[in-house]
$ cat query01.pdb   # PDB, C-alpha atoms (C1' of nucleotides)
MODEL        1
ATOM      1  CA  MET D   1      32.609  35.459 -17.614
ATOM      2  CA  THR D   2      30.441  34.714 -14.579
ATOM      3  CA  ARG D   3      27.223  33.685 -16.319
ATOM      4  CA  MET D   4      25.059  31.282 -14.337
ATOM      5  CA  ALA D   5      21.597  29.769 -14.876
ATOM      6  CA  VAL D   6      19.272  29.674 -11.865
ATOM      7  CA  ILE D   7      16.689  26.913 -12.184
ATOM      8  CA  ASP D   8      13.508  25.918 -10.381
ATOM      9  CA  PHE D   9      11.164  22.980 -11.005
ATOM     10  CA  GLU D  10       7.577  22.501  -9.894
ATOM     11  CA  THR D  11       6.824  18.780  -9.689
ATOM     12  CA  THR D  12       4.164  16.252  -8.709
ATOM     13  CA  GLY D  13       6.139  15.142  -5.640
ATOM     14  CA  ILE D  14       9.454  14.944  -3.866
ATOM     15  CA  SER D  15      11.155  11.953  -5.405
ATOM     16  CA  PRO D  16      11.583  10.969  -9.087
ATOM     17  CA  GLU D  17      12.463   7.459  -7.838
ATOM     18  CA  GLN D  18       8.901   7.284  -6.495
ATOM     19  CA  GLY D  19       7.412   8.421  -9.798
ATOM     20  CA  ALA D  20       7.350  12.193  -9.348
ATOM     21  CA  ARG D  21       7.615  14.211 -12.577
ATOM     22  CA  ALA D  22       8.170  17.853 -13.413
ATOM     23  CA  THR D  23       5.151  20.048 -14.201
ATOM     24  CA  GLU D  24       6.914  23.384 -14.780
ATOM     25  CA  VAL D  25      10.460  24.637 -15.207
ATOM     26  CA  ALA D  26      11.940  28.129 -15.115
ATOM     27  CA  ILE D  27      15.512  29.213 -15.780
ATOM     28  CA  VAL D  28      16.892  32.689 -15.127
ATOM     29  CA  LEU D  29      20.266  33.704 -16.595
ATOM     30  CA  VAL D  30      22.372  36.024 -14.452
ATOM     31  CA  GLU D  31      25.499  37.829 -15.523
ATOM     32  CA  GLN D  32      27.480  40.751 -14.138
ATOM     33  CA  GLY D  33      25.176  41.290 -11.203
ATOM     34  CA  ARG D  34      21.827  41.217 -12.992
ATOM     35  CA  ILE D  35      19.198  39.024 -14.630
ATOM     36  CA  VAL D  36      19.755  39.023 -18.400
ATOM     37  CA  ASP D  37      17.287  36.405 -19.727
ATOM     38  CA  ARG D  38      14.471  34.054 -18.665
ATOM     39  CA  TYR D  39      12.882  30.782 -19.808
ATOM     40  CA  GLN D  40       9.666  29.345 -18.363
ATOM     41  CA  SER D  41       7.214  26.650 -19.416
ATOM     42  CA  LEU D  42       4.602  24.317 -18.031
ATOM     43  CA  MET D  43       5.117  20.771 -19.276
ATOM     44  CA  ASN D  44       2.953  17.712 -19.784
ATOM     45  CA  ALA D  45       4.617  14.570 -18.426
ATOM     46  CA  GLY D  46       1.420  12.535 -18.663
ATOM     47  CA  VAL D  47       0.982  12.020 -14.918
ATOM     48  CA  ARG D  48      -1.748  13.127 -12.510
ATOM     49  CA  ILE D  49      -1.029  15.990 -10.146
ATOM     50  CA  PRO D  50      -2.038  15.220  -6.531
ATOM     51  CA  PRO D  51      -4.611  17.678  -5.117
ATOM     52  CA  PHE D  52      -2.322  18.969  -2.406
ATOM     53  CA  ILE D  53       0.302  19.839  -5.038
ATOM     54  CA  THR D  54      -2.299  21.824  -6.977
ATOM     55  CA  GLN D  55      -3.169  23.578  -3.703
ATOM     56  CA  LEU D  56       0.517  24.325  -3.098
ATOM     57  CA  THR D  57       1.511  25.494  -6.583
ATOM     58  CA  GLY D  58      -1.725  26.474  -8.296
ATOM     59  CA  ILE D  59      -0.759  24.139 -11.175
ATOM     60  CA  SER D  60      -3.718  21.943 -12.131
ATOM     61  CA  ASN D  61      -4.176  18.869 -14.316
ATOM     62  CA  ALA D  62      -6.060  21.042 -16.803
ATOM     63  CA  MET D  63      -3.170  23.500 -17.064
ATOM     64  CA  VAL D  64      -0.643  20.725 -17.690
ATOM     65  CA  ALA D  65      -2.946  18.961 -20.178
ATOM     66  CA  GLY D  66      -2.690  22.014 -22.431
ATOM     67  CA  ALA D  67       1.096  22.313 -22.053
ATOM     68  CA  PRO D  68       3.779  21.034 -24.462
ATOM     69  CA  PRO D  69       5.198  17.519 -23.904
ATOM     70  CA  ALA D  70       7.881  17.304 -21.206
ATOM     71  CA  ALA D  71      10.535  16.105 -23.660
ATOM     72  CA  LEU D  72       9.982  19.105 -25.929
ATOM     73  CA  VAL D  73      10.214  21.524 -23.011
ATOM     74  CA  MET D  74      13.384  19.893 -21.710
ATOM     75  CA  ARG D  75      15.027  20.101 -25.141
ATOM     76  CA  GLU D  76      14.207  23.818 -25.210
ATOM     77  CA  ALA D  77      15.575  24.179 -21.681
ATOM     78  CA  SER D  78      18.752  22.322 -22.667
ATOM     79  CA  HIS D  79      19.231  24.666 -25.619
ATOM     80  CA  PHE D  80      18.557  27.699 -23.418
ATOM     81  CA  VAL D  81      21.111  26.663 -20.763
ATOM     82  CA  GLY D  82      23.813  25.312 -23.065
ATOM     83  CA  GLU D  83      26.962  24.752 -21.019
ATOM     84  CA  VAL D  84      26.246  27.462 -18.470
ATOM     85  CA  PRO D  85      26.574  26.133 -14.880
ATOM     86  CA  LEU D  86      23.379  25.834 -12.869
ATOM     87  CA  VAL D  87      22.275  27.143  -9.479
ATOM     88  CA  ALA D  88      19.203  26.170  -7.433
ATOM     89  CA  HIS D  89      17.851  26.518  -3.902
ATOM     90  CA  ASN D  90      18.285  23.044  -2.411
ATOM     91  CA  ALA D  91      20.009  21.964  -5.617
ATOM     92  CA  SER D  92      19.964  18.274  -4.718
ATOM     93  CA  PHE D  93      16.210  18.386  -5.389
ATOM     94  CA  ASP D  94      16.288  20.246  -8.718
ATOM     95  CA  ARG D  95      19.343  18.293  -9.914
ATOM     96  CA  LYS D  96      17.404  14.999  -9.611
ATOM     97  CA  PHE D  97      14.628  16.339 -11.832
ATOM     98  CA  TRP D  98      17.047  18.045 -14.260
ATOM     99  CA  VAL D  99      18.989  14.818 -14.785
ATOM    100  CA  GLY D 100      15.887  12.602 -14.843
ATOM    101  CA  GLU D 101      13.814  14.704 -17.243
ATOM    102  CA  MET D 102      16.825  15.290 -19.540
ATOM    103  CA  ALA D 103      17.489  11.547 -19.665
ATOM    104  CA  ARG D 104      13.861  10.921 -20.639
ATOM    105  CA  ALA D 105      14.208  13.577 -23.343
ATOM    106  CA  GLY D 106      17.436  12.004 -24.646
ATOM    107  CA  GLU D 107      19.481  15.073 -23.769
ATOM    108  CA  PRO D 108      22.802  15.215 -21.889
ATOM    109  CA  ALA D 109      22.861  17.004 -18.529
ATOM    110  CA  PRO D 110      26.532  17.713 -17.826
ATOM    111  CA  GLN D 111      26.068  21.002 -16.001
ATOM    112  CA  ALA D 112      27.499  21.469 -12.491
ATOM    113  CA  PHE D 113      25.108  22.690  -9.782
ATOM    114  CA  ALA D 114      25.688  25.212  -7.021
ATOM    115  CA  CYS D 115      23.227  25.417  -4.130
ATOM    116  CA  THR D 116      21.972  28.645  -2.554
ATOM    117  CA  LEU D 117      20.653  26.690   0.462
ATOM    118  CA  LEU D 118      24.095  25.300   1.336
ATOM    119  CA  LEU D 119      25.672  28.694   0.661
ATOM    120  CA  ALA D 120      23.096  30.501   2.804
ATOM    121  CA  ARG D 121      23.790  28.189   5.755
ATOM    122  CA  ARG D 122      27.441  29.251   5.542
ATOM    123  CA  LEU D 123      27.017  32.948   4.741
ATOM    124  CA  TYR D 124      23.922  33.748   6.843
ATOM    125  CA  PRO D 125      24.022  31.423   9.882
ATOM    126  CA  GLN D 126      22.054  34.021  11.834
ATOM    127  CA  ALA D 127      18.966  33.668   9.590
ATOM    128  CA  PRO D 128      15.870  32.310  11.401
ATOM    129  CA  ASN D 129      15.779  29.512   8.820
ATOM    130  CA  HIS D 130      17.100  28.997   5.305
ATOM    131  CA  LYS D 131      13.893  28.668   3.310
ATOM    132  CA  LEU D 132      14.035  30.666   0.074
ATOM    133  CA  GLY D 133      11.202  33.004   1.077
ATOM    134  CA  THR D 134      12.722  33.711   4.484
ATOM    135  CA  LEU D 135      16.097  34.614   2.969
ATOM    136  CA  VAL D 136      14.447  36.836   0.365
ATOM    137  CA  ASP D 137      12.566  38.714   3.086
ATOM    138  CA  LEU D 138      15.636  38.861   5.346
ATOM    139  CA  HIS D 139      17.564  40.730   2.651
ATOM    140  CA  GLY D 140      14.643  42.801   1.383
ATOM    141  CA  LEU D 141      14.923  41.245  -2.086
ATOM    142  CA  ARG D 142      12.314  41.495  -4.834
ATOM    143  CA  ARG D 143       9.366  39.120  -5.038
ATOM    144  CA  THR D 144       8.101  39.170  -8.626
ATOM    145  CA  GLY D 145       5.252  36.653  -8.599
ATOM    146  CA  ALA D 146       3.444  33.909  -6.744
ATOM    147  CA  ALA D 147       5.681  31.700  -4.613
ATOM    148  CA  HIS D 148       5.723  28.035  -5.645
ATOM    149  CA  ARG D 149       5.539  28.920  -9.305
ATOM    150  CA  ALA D 150       8.752  28.148 -11.157
ATOM    151  CA  LEU D 151       9.556  31.575 -12.588
ATOM    152  CA  ALA D 152       8.860  33.472  -9.360
ATOM    153  CA  ASP D 153      10.952  31.013  -7.330
ATOM    154  CA  ALA D 154      13.791  31.020  -9.898
ATOM    155  CA  GLU D 155      13.837  34.827  -9.879
ATOM    156  CA  MET D 156      13.891  34.877  -6.063
ATOM    157  CA  ALA D 157      16.770  32.385  -6.047
ATOM    158  CA  ALA D 158      18.549  34.529  -8.653
ATOM    159  CA  GLU D 159      18.130  37.651  -6.509
ATOM    160  CA  LEU D 160      19.505  35.693  -3.542
ATOM    161  CA  LEU D 161      22.466  34.475  -5.618
ATOM    162  CA  LEU D 162      23.231  38.047  -6.713
ATOM    163  CA  ARG D 163      23.070  39.184  -3.083
ATOM    164  CA  MET D 164      25.484  36.427  -2.039
ATOM    165  CA  GLN D 165      27.920  37.368  -4.812
ATOM    166  CA  HIS D 166      27.656  41.011  -3.735
ATOM    167  CA  ASP D 167      28.287  40.167  -0.075
ATOM    168  CA  LEU D 168      31.290  37.956  -0.898
ATOM    169  CA  ARG D 169      32.793  40.605  -3.176
ATOM    170  CA  GLN D 170      32.403  43.218  -0.444
ATOM    171  CA  ARG D 171      33.612  41.070   2.469
ATOM    172  CA  TYR D 172      36.700  39.799   0.673
ATOM    173  CA  ARG D 173      37.334  42.611  -1.841
ATOM    174  CA  LEU D 174      36.918  40.319  -4.833
ATOM    175  CA  THR D 175      36.201  41.418  -8.390
ATOM    176  CA  THR D 176      34.304  38.227  -9.335
ATOM    177  CA  VAL D 177      32.601  35.360  -7.520
ATOM    178  CA  ASP D 178      32.334  32.568 -10.070
ATOM    179  CA  HIS D 179      30.545  29.209 -10.053
ATOM    180  CA  PRO D 180      33.583  27.056  -9.113
ATOM    181  CA  LEU D 181      34.208  29.297  -6.096
ATOM    182  CA  LEU D 182      30.581  28.908  -4.988
ATOM    183  CA  VAL D 183      30.812  25.109  -5.290
ATOM    184  CA  THR D 184      34.033  25.087  -3.244
ATOM    185  CA  LEU D 185      32.413  27.311  -0.635
ATOM    186  CA  GLN D 186      29.250  25.213  -0.307
ATOM    187  CA  ARG D 187      31.356  22.098   0.291
ATOM    188  CA  CYS D 188      33.559  23.510   3.051
ATOM    189  CA  GLN D 189      32.647  23.402   6.712
ATOM    190  CA  ARG D 190      31.017  26.487   8.178
ATOM    191  CA  HIS D 191      33.936  27.334  10.453
ATOM    192  CA  GLU D 192      36.294  27.183   7.457
ATOM    193  CA  VAL D 193      34.425  29.722   5.324
ATOM    194  CA  HIS D 194      36.432  32.736   6.407
ATOM    195  CA  ARG D 195      39.812  31.020   6.115
ATOM    196  CA  LEU D 196      38.941  29.659   2.669
ATOM    197  CA  MET D 197      37.670  32.990   1.364
ATOM    198  CA  ALA D 198      40.584  34.929   2.847
ATOM    199  CA  ALA D 199      43.007  32.564   1.140
ATOM    200  CA  HIS D 200      41.110  32.928  -2.124
ATOM    201  CA  ALA D 201      41.189  36.725  -1.841
ATOM    202  CA  GLN D 202      44.923  36.600  -1.143
ATOM    203  CA  ALA D 203      45.538  34.529  -4.275
ATOM    204  CA  ALA D 204      43.227  36.587  -6.500
TER
ATOM    205  C1'  DT W 205      -5.582   1.032  -0.082
ATOM    206  C1'  DG W 206      -1.518   2.655   1.895
ATOM    207  C1'  DC W 207       2.757   4.020   1.488
ATOM    208  C1'  DC W 208       6.576   6.718  -0.245
ATOM    209  C1'  DA W 209      13.445  10.655  -0.467
ATOM    210  C1'  DG W 210      17.865  11.977   0.470
ATOM    211  C1'  DG W 211      21.700  14.915   1.505
ATOM    212  C1'  DC W 212      23.153  18.207   4.843
ATOM    213  C1'  DC W 213      24.176  19.450   9.510
ATOM    214  C1'  DC W 214      23.854  19.911  14.495
ATOM    215  C1'  DT W 215      24.546  17.649  18.904
ATOM    216  C1'  DC W 216      22.859  15.454  24.681
ATOM    217  C1'  DT W 217      27.819  12.548  18.184
ATOM    218  C1'  DT W 218      31.245   9.525  15.786
ATOM    219  C1'  DT W 219      28.764   1.899  17.379
ATOM    220  C1'  DA W 220      23.068   7.819  16.180
ATOM    221  C1'  DG W 221      19.118  10.466  15.955
ATOM    222  C1'  DG W 222      16.455  13.978  14.244
ATOM    223  C1'  DG W 223      15.388  18.572  12.073
ATOM    224  C1'  DC W 224      15.844  21.130   7.798
ATOM    225  C1'  DC W 225      14.782  21.949   2.806
ATOM    226  C1'  DT W 226      12.828  20.992  -1.801
ATOM    227  C1'  DT W 227       7.356  19.522  -4.289
TER
ENDMDL
END

$ encode --input "query01.pdb" --output "structure tokens"
Amino acid sequence: MTRMAVIDFETTGISPEQGARATEVAIVLVEQGRIVDRYQSLMNAGVRIPPFITQLTGISNAMVAGAPPAALVMREASHFVGEVPLVAHNASFDRKFWVGEMARAGEPAPQAFACTLLLARRLYPQAPNHKLGTLVDLHGLRRTGAAHRALADAEMAAELLLRMQHDLRQRYRLTTVDHPLLVTLQRCQRHEVHRLMAAHAQAA
DNA sequence: TGCCAGGCCCTCTTTAGGGCCTT
């Protein structure tokens, strides 16, 4: 079983500690090399969206005013994810909002996170940069919607994750690339990637 | 009104500084 849940939040700012809240969440389930399910919802956290965020994401105060309460959306998201491990691009960002919004909703958030940004820095050091859009274009992956909307960004991150799994399977002749292996890989130093993966392939 | 983060990672480093990445 190599099921993973790729998540993306749109928010009112960078830092929950500074009062930023989520405005939209999307979660894409991937399994056996493909996307198998999706969840997406705007959410109303009762805070104003700064104008430049509306310009960036297209998500307005009016849109969020008509959305379900944040706690309800997060309970649905919790049910959708279950115990499946999570993946995000720059996961330290999405993890803060996942944990913070789940706490507000009274839900546990025990899931481990893997990070496609940290993985991309190790697997594709030649990339011009490691922004999600750049990596998607670099690999000729699908863009399914407007960037900076949660579902489109989650699907792009999912396509990138699938590409990384494919590349690792090919390079090291592996049958599966699971979440614990990705977490181990993202924590190792760049110059140790090959040695670590070769040792893993040997043991597999 | 004005201000605001933090972990990773490189290097002209390690008694530090600054760019990257997310909204």

$ resolve_selection --input "query01.pdb" --expression "the PyMOL selection byres ((chain D and resi 66-71) around 6)" --output "ChimeraX atom specification"
/D:42-45,63-65,72-74,105

$ closest_residue --input "query01.pdb" --among "W:DC208, W:DT226, W:DT219, W:DC213" --to "Asp8 in chain D" --atoms "all atoms listed in the file"
W:DT226

$ resolve_selection --input "query01.pdb" --expression "the PyMOL selection byres ((chain W) within 9 of (chain D))" --output "PDB file with C-alpha atoms (C1' of nucleotides), in the frame of the given file"
ATOM      1  C1'  DC W 208       6.576   6.718  -0.245  1.00  0.00           C
ATOM      2  C1'  DA W 209      13.445  10.655  -0.467  1.00  0.00           C
ATOM      3  C1'  DG W 210      17.865  11.977   0.470  1.00  0.00           C
ATOM      4  C1'  DG W 211      21.700  14.915   1.505  1.00  0.00           C
ATOM      5  C1'  DC W 212      23.153  18.207   4.843  1.00  0.00           C
ATOM      6  C1'  DC W 224      15.844  21.130   7.798  1.00  0.00           C
ATOM      7  C1'  DC W 225      14.782  21.949   2.806  1.00  0.00           C
ATOM      8  C1'  DT W 226      12.828  20.992  -1.801  1.00  0.00           C
ATOM      9  C1'  DT W 227       7.356  19.522  -4.289  1.00  0.00           C
TER      10       DT W 227
END

$ atom_distance --input "query01.pdb" --atom1 "CA of Ala5 in chain D" --atom2 "CA of Leu86 in chain D"
4.8 Å

$ closest_residue --input "query01.pdb" --among "D:Val177, D:Met102, D:Leu196, D:Ile27" --to "Ala150 in chain D" --atoms "only C-alpha atoms"
D:Ile27

$ decode --input "query01.pdb" --residues "range 207-220 of chain W" --atoms "N, CA and C atoms (P, O5', C5', C4', C3', O3' and C1' of nucleotides)" --output "PDB file, in the first residue's frame"
ATOM      1  P    DC W 207       6.326  50.028   8.736  1.00  0.00           P
ATOM      2  O5'  DC W 207       6.556  48.609   9.397  1.00  0.00           O
ATOM      3  C5'  DC W 207       6.711  48.524  10.813  1.00  0.00           C
ATOM      4  C4'  DC W 207       6.243  47.167  11.262  1.00  0.00           C
ATOM      5  C3'  DC W 207       6.587  46.059  10.277  1.00  0.00           C
ATOM      6  O3'  DC W 207       7.745  45.357  10.728  1.00  0.00           O
ATOM      7  C1'  DC W 207       4.413  45.810  11.243  1.00  0.00           C
ATOM      8  P    DC W 208       8.306  44.205   9.741  1.00  0.00           P
ATOM      9  O5'  DC W 208       7.596  42.857  10.231  1.00  0.00           O
ATOM     10  C5'  DC W 208       7.498  42.602  11.612  1.00  0.00           C
ATOM     11  C4'  DC W 208       6.554  41.445  11.839  1.00  0.00           C
ATOM     12  C3'  DC W 208       6.860  40.240  10.942  1.00  0.00           C
ATOM     13  O3'  DC W 208       6.797  39.065  11.732  1.00  0.00           O
ATOM     14  C1'  DC W 208       4.600  40.852  10.742  1.00  0.00           C
ATOM     15  P    DA W 209       7.966  37.968  11.551  1.00  0.00           P
ATOM     16  O5'  DA W 209       7.270  36.774  10.760  1.00  0.00           O
ATOM     17  C5'  DA W 209       6.073  36.204  11.279  1.00  0.00           C
ATOM     18  C4'  DA W 209       6.216  34.687  11.341  1.00  0.00           C
ATOM     19  C3'  DA W 209       7.515  34.229  12.002  1.00  0.00           C
ATOM     20  O3'  DA W 209       7.205  33.045  12.713  1.00  0.00           O
ATOM     21  C1'  DA W 209       7.500  33.554   9.715  1.00  0.00           C
ATOM     22  P    DG W 210       8.271  32.419  13.688  1.00  0.00           P
ATOM     23  O5'  DG W 210       8.921  31.263  12.809  1.00  0.00           O
ATOM     24  C5'  DG W 210       8.118  30.199  12.360  1.00  0.00           C
ATOM     25  C4'  DG W 210       8.931  29.318  11.454  1.00  0.00           C
ATOM     26  C3'  DG W 210      10.364  29.060  11.937  1.00  0.00           C
ATOM     27  O3'  DG W 210      10.688  27.730  11.611  1.00  0.00           O
ATOM     28  C1'  DG W 210      10.420  29.862   9.774  1.00  0.00           C
ATOM     29  P    DG W 211      11.332  26.777  12.661  1.00  0.00           P
ATOM     30  O5'  DG W 211      11.822  25.555  11.769  1.00  0.00           O
ATOM     31  C5'  DG W 211      10.907  24.931  10.883  1.00  0.00           C
ATOM     32  C4'  DG W 211      11.586  24.649   9.573  1.00  0.00           C
ATOM     33  C3'  DG W 211      13.023  24.116   9.701  1.00  0.00           C
ATOM     34  O3'  DG W 211      13.113  22.925   8.950  1.00  0.00           O
ATOM     35  C1'  DG W 211      12.945  25.928   8.174  1.00  0.00           C
ATOM     36  P    DC W 212      14.425  22.100   8.855  1.00  0.00           P
ATOM     37  O5'  DC W 212      14.989  22.472   7.419  1.00  0.00           O
ATOM     38  C5'  DC W 212      14.142  22.267   6.282  1.00  0.00           C
ATOM     39  C4'  DC W 212      14.819  22.802   5.061  1.00  0.00           C
ATOM     40  C3'  DC W 212      16.256  22.305   4.853  1.00  0.00           C
ATOM     41  O3'  DC W 212      16.361  21.839   3.523  1.00  0.00           O
ATOM     42  C1'  DC W 212      16.168  24.656   4.697  1.00  0.00           C
ATOM     43  P    DC W 213      17.540  20.936   3.045  1.00  0.00           P
ATOM     44  O5'  DC W 213      18.611  21.980   2.505  1.00  0.00           O
ATOM     45  C5'  DC W 213      18.315  22.715   1.336  1.00  0.00           C
ATOM     46  C4'  DC W 213      19.412  23.721   1.102  1.00  0.00           C
ATOM     47  C3'  DC W 213      20.825  23.174   1.356  1.00  0.00           C
ATOM     48  O3'  DC W 213      21.631  23.541   0.265  1.00  0.00           O
ATOM     49  C1'  DC W 213      20.527  25.214   2.450  1.00  0.00           C
ATOM     50  P    DC W 214      22.899  22.650  -0.118  1.00  0.00           P
ATOM     51  O5'  DC W 214      23.822  23.760  -0.774  1.00  0.00           O
ATOM     52  C5'  DC W 214      23.256  24.702  -1.683  1.00  0.00           C
ATOM     53  C4'  DC W 214      23.930  26.042  -1.513  1.00  0.00           C
ATOM     54  C3'  DC W 214      25.456  25.948  -1.408  1.00  0.00           C
ATOM     55  O3'  DC W 214      26.048  26.704  -2.441  1.00  0.00           O
ATOM     56  C1'  DC W 214      24.554  27.320   0.324  1.00  0.00           C
ATOM     57  P    DT W 215      27.598  26.488  -2.763  1.00  0.00           P
ATOM     58  O5'  DT W 215      28.296  27.654  -1.936  1.00  0.00           O
ATOM     59  C5'  DT W 215      27.921  29.000  -2.156  1.00  0.00           C
ATOM     60  C4'  DT W 215      28.617  29.873  -1.143  1.00  0.00           C
ATOM     61  C3'  DT W 215      30.083  29.476  -0.885  1.00  0.00           C
ATOM     62  O3'  DT W 215      30.882  30.647  -0.842  1.00  0.00           O
ATOM     63  C1'  DT W 215      28.911  29.642   1.135  1.00  0.00           C
ATOM     64  P    DC W 216      32.010  30.757  -1.963  1.00  0.00           P
ATOM     65  O5'  DC W 216      33.154  31.632  -1.312  1.00  0.00           O
ATOM     66  C5'  DC W 216      33.955  31.142  -0.261  1.00  0.00           C
ATOM     67  C4'  DC W 216      34.131  32.240   0.791  1.00  0.00           C
ATOM     68  C3'  DC W 216      32.970  32.339   1.770  1.00  0.00           C
ATOM     69  O3'  DC W 216      33.467  32.734   3.055  1.00  0.00           O
ATOM     70  C1'  DC W 216      33.206  34.368   0.624  1.00  0.00           C
ATOM     71  P    DT W 217      33.684  31.562   4.122  1.00  0.00           P
ATOM     72  O5'  DT W 217      32.235  31.076   4.537  1.00  0.00           O
ATOM     73  C5'  DT W 217      31.318  31.983   5.136  1.00  0.00           C
ATOM     74  C4'  DT W 217      30.723  31.346   6.381  1.00  0.00           C
ATOM     75  C3'  DT W 217      31.757  31.063   7.477  1.00  0.00           C
ATOM     76  O3'  DT W 217      31.263  31.569   8.705  1.00  0.00           O
ATOM     77  C1'  DT W 217      30.542  29.114   6.992  1.00  0.00           C
ATOM     78  P    DT W 218      32.101  31.536   9.959  1.00  0.00           P
ATOM     79  O5'  DT W 218      31.571  30.285  10.783  1.00  0.00           O
ATOM     80  C5'  DT W 218      30.233  30.296  11.231  1.00  0.00           C
ATOM     81  C4'  DT W 218      29.956  29.008  11.980  1.00  0.00           C
ATOM     82  C3'  DT W 218      31.019  28.637  13.027  1.00  0.00           C
ATOM     83  O3'  DT W 218      30.382  28.280  14.229  1.00  0.00           O
ATOM     84  C1'  DT W 218      30.593  26.817  11.613  1.00  0.00           C
ATOM     85  P    DT W 219      31.217  28.193  15.586  1.00  0.00           P
ATOM     86  O5'  DT W 219      31.035  29.602  16.295  1.00  0.00           O
ATOM     87  C5'  DT W 219      29.759  29.973  16.780  1.00  0.00           C
ATOM     88  C4'  DT W 219      29.697  31.474  16.927  1.00  0.00           C
ATOM     89  C3'  DT W 219      29.750  32.232  15.608  1.00  0.00           C
ATOM     90  O3'  DT W 219      28.921  33.387  15.713  1.00  0.00           O
ATOM     91  C1'  DT W 219      31.519  32.929  16.964  1.00  0.00           C
ATOM     92  P    DA W 220      27.524  33.398  14.891  1.00  0.00           P
ATOM     93  O5'  DA W 220      27.967  33.417  13.353  1.00  0.00           O
ATOM     94  C5'  DA W 220      28.958  34.330  12.909  1.00  0.00           C
ATOM     95  C4'  DA W 220      28.405  35.137  11.742  1.00  0.00           C
ATOM     96  C3'  DA W 220      27.008  35.743  11.971  1.00  0.00           C
ATOM     97  O3'  DA W 220      27.002  37.033  11.398  1.00  0.00           O
ATOM     98  C1'  DA W 220      26.921  34.190  10.167  1.00  0.00           C
TER      99       DA W 220
END
